[in-house]
Each structure stands twice: as structure tokens, then as C-alpha cells.
Amino acid sequence: MKDTAMPTKVIAVVAYVIGIAGAAIYFAFVLGVGTGFLPRPDPVDGPLPWLIDLGWLMLFALQHSGMARRAFKRWWTSVIPATLERAIYVGCSGIAIVILTIGWQPLPGEPIWQGPVWIVGISLTAAAGIGICSAWFDHARFFGLQQAWTGKLDTWGPLRIEGPYRYVRHPLMVGLLIAIWAQPTMPTELLLLNAGISAYIFIAIQLEERDMIRQFGVAYRRYRRRVPALIPWRRWP
């Protein structure tokens, strides 16, 4: 008998590859600009490149947060299989970050800072830390592969606090912030990109924590009071 779940599995794998590739392309762009390895085109004067870059940031934020909201999920899963919702979200996020990266415009102005090239080692270490942190969550479920493969929706157990999550609530975001800001050179366009992504991270943290409180209730509220969000020695918010 034909496996009717096979198309769902294929879509999930393709979405996973797109999501990972999108993140890799974005980080390669940040490294290329931050080290000066990527040739910098001559910027266009005037407001147009600023408006284009801000538009890409808005598009990314709308996709990334809009598709994660419960109201959108309710509508979206009336159109697609619910077991594909997470995988398609991952794939769309990969496409959005690739479009942002490819369409990002150079901006006029001298670099905000220029430092020694070894600084990029901090960025690479933080990126490696993101990979290590992934060992403390369910990789297959996070990227939607488990749902598509098993045909079962997310099932949440009790809140588990392990590894780096004992010290900060969002270790992946800590790694990402360090990875994008620890660059030897910070031209204007990279400053705008990093500032936009950082602003989005702070907003997304608030939205995610609302969802976590709805999911885990009192257990997450206690965790939130006990463990800081991003900086181990400072409680925020």
C-alpha cells in the first residue's frame, strides 16, 4: 500500500534543508561583511537603500513572528495538515532570511569600528555554542521533522530545565547576539542589520514567553523569576 504520509515527510525534509541553508547563508553574509572578505559594492546615496533594508527587516519580522502566532496557526492548519505547520514555518523562515540577505543594500558612511581580525573567533565560538545548546532541546521536534514523520502533533511534557537553560532562559539568542555583533569591522549596513535583528530578538522573546506561560503556567513563571533571560548575572526583564 502506498505510504500516504510520504509527501508530508518529503516536504518536512525540504523545509528543514531550506531553513538550515537560510541560516547558514545569513551567517556567512555577516561574517563576510564583518571581516571585509565579502567585497563591498559602492553604496547609493539617498534614502532608497535605507528604505529597502528597513523593508526587508519588516518583511522578516512579519513572517517570523506572524506565522508563530496562535491565531495564524489556527487559520493555517485549516489549510495545511497540522503536522506540517512547524516544518513549513521553518522553511518560510529560511526563505525570508535568504531574501533579506541577498537583497540587503550597502549604506554610505565609514565603518563604525575596525578591529583586529581575531575578534571573529568570538563570533565563531558563539555560533558553535548555538550548536551545542541544541543538544538540550528536541532538534527533530523544533524543526518540525518529528511531527511530519510520526503524524502526531506536539505533545508537551513538564517543563525541563537542563544545561545552559539553568543559567539563562534563552541561550540560543545569547549565542546569536554574540555571533552577529563580534565582528572585526562594522560598516553601516551591518550595523543596521544587526540592530534590526537584535530588536526583533528582544520583541520575539516577549512573545515567546507569553506562549510559554500559556503552555506551562506557574512552572514557567517560577522559572522566569529565578533565571534571567539573557545575562546570567542580571535579571531581565
# chains A, B, ... in the order shown; residues from 1 in each chain; ligands from 1
$ residues_around --residues "Leu207 of chain A" --least-positions-apart "4" --cutoff "10 Å" --atoms "only C-alpha atoms" --output "PyMOL selection string"
chain A and resi 65+68-69+201-203+211-212
$ write_last_selection --atoms "N, CA, C and O atoms" --output "CSV table (one decimal), in the first residue's frame"
chain,number,residue,atom,x,y,z
A,65,SER,N,7.4,36.3,13.2
A,65,SER,CA,6.5,36.4,14.3
A,65,SER,C,5.1,36.1,13.9
A,65,SER,O,4.3,35.5,14.7
A,68,ALA,N,4.1,32.6,13.8
A,68,ALA,CA,4.3,31.9,15.1
A,68,ALA,C,3.1,32.2,16.0
A,68,ALA,O,3.0,31.5,17.1
A,69,ARG,N,2.2,33.1,15.6
A,69,ARG,CA,1.1,33.4,16.5
A,69,ARG,C,0.0,32.4,16.4
A,69,ARG,O,-0.2,31.8,15.4
A,201,ILE,N,14.8,40.2,18.1
A,201,ILE,CA,15.1,39.2,19.1
A,201,ILE,C,14.4,39.6,20.4
A,201,ILE,O,13.7,38.8,21.1
A,202,PHE,N,14.6,40.8,20.9
A,202,PHE,CA,14.0,41.3,22.1
A,202,PHE,C,12.5,41.2,22.1
A,202,PHE,O,11.9,40.9,23.1
A,203,ILE,N,11.9,41.6,21.0
A,203,ILE,CA,10.5,41.6,20.9
A,203,ILE,C,10.0,40.1,20.8
A,203,ILE,O,9.0,39.7,21.5
A,211,ASP,N,3.8,32.7,25.2
A,211,ASP,CA,3.3,31.4,24.8
A,211,ASP,C,3.8,30.3,25.8
A,211,ASP,O,3.0,29.4,26.1
A,212,MET,N,5.0,30.5,26.4
A,212,MET,CA,5.5,29.5,27.3
A,212,MET,C,4.6,29.6,28.6
A,212,MET,O,4.4,28.6,29.3
$ closest_atom_pairs --of "segment 10-116 of chain A" --to "segment 178-193 of chain A" --cutoff "6 Å" --atoms "only C-alpha atoms" --output "CSV"
residue,atom,partner,partner_atom,distance
A:Gly34,CA,A:Thr185,CA,4.8
A:Thr35,CA,A:Pro184,CA,5.7
A:Pro106,CA,A:Glu189,CA,5.4
A:Leu107,CA,A:Glu189,CA,5.2
A:Pro111,CA,A:Pro187,CA,3.9
A:Ile112,CA,A:Met186,CA,5.4
A:Trp113,CA,A:Met186,CA,5.5
A:Gln114,CA,A:Thr185,CA,4.5
A:Gly115,CA,A:Pro184,CA,4.7
A:Pro116,CA,A:Pro184,CA,5.7
$ write_last_selection --atoms "C-alpha atoms" --output "short mmCIF file (atom, residue, chain, number, x, y, z; two decimals), in the first residue's frame"
data_model
loop_
_atom_site.label_atom_id
_atom_site.label_comp_id
_atom_site.auth_asym_id
_atom_site.auth_seq_id
_atom_site.Cartn_x
_atom_site.Cartn_y
_atom_site.Cartn_z
CA GLY A 34 32.29 41.79 9.26
CA THR A 35 35.71 40.55 8.18
CA PRO A 106 25.21 48.70 1.19
CA LEU A 107 24.90 52.02 3.01
CA PRO A 111 32.70 51.69 9.41
CA ILE A 112 31.58 52.28 12.98
CA TRP A 113 34.62 50.37 14.17
CA GLN A 114 37.58 48.44 12.76
CA GLY A 115 39.39 45.98 14.98
CA PRO A 116 41.76 43.01 14.71
#
$ select_by_dssp --residues "segment 64-123 of chain A" --states "helix (DSSP H, G or I)" --output "MDAnalysis selection string"
chainID A and resid 64:66 70:76 82:103 117:123
$ closest_residue --among "A:Phe137, A:Tyr16, A:Trp149, A:Phe143" --to "Gly163 of chain A" --atoms "only C-alpha atoms"
A:Phe137
$ residues_around --residues "Ile102 of chain A" --least-positions-apart "5" --cutoff "9 Å" --atoms "only C-alpha atoms" --output "ChimeraX atom specification"
/A:26,29,97
$ write_last_selection --atoms "N, CA and C atoms" --output "tab-separated table (two decimals), in the first residue's frame"
chain	number	residue	atom	x	y	z
A	26	TYR	N	22.81	33.47	5.83
A	26	TYR	CA	22.78	34.73	6.60
A	26	TYR	C	24.05	34.90	7.42
A	29	PHE	N	27.03	35.72	5.35
A	29	PHE	CA	27.00	37.13	4.93
A	29	PHE	C	27.52	38.03	6.05
A	97	ILE	N	14.96	34.79	5.36
A	97	ILE	CA	16.29	35.28	5.71
A	97	ILE	C	17.22	35.29	4.50
$ atom_distance --atom1 "atom CA of Leu84 of chain A" --atom2 "atom CA of Ala61 of chain A"
21.2 Å
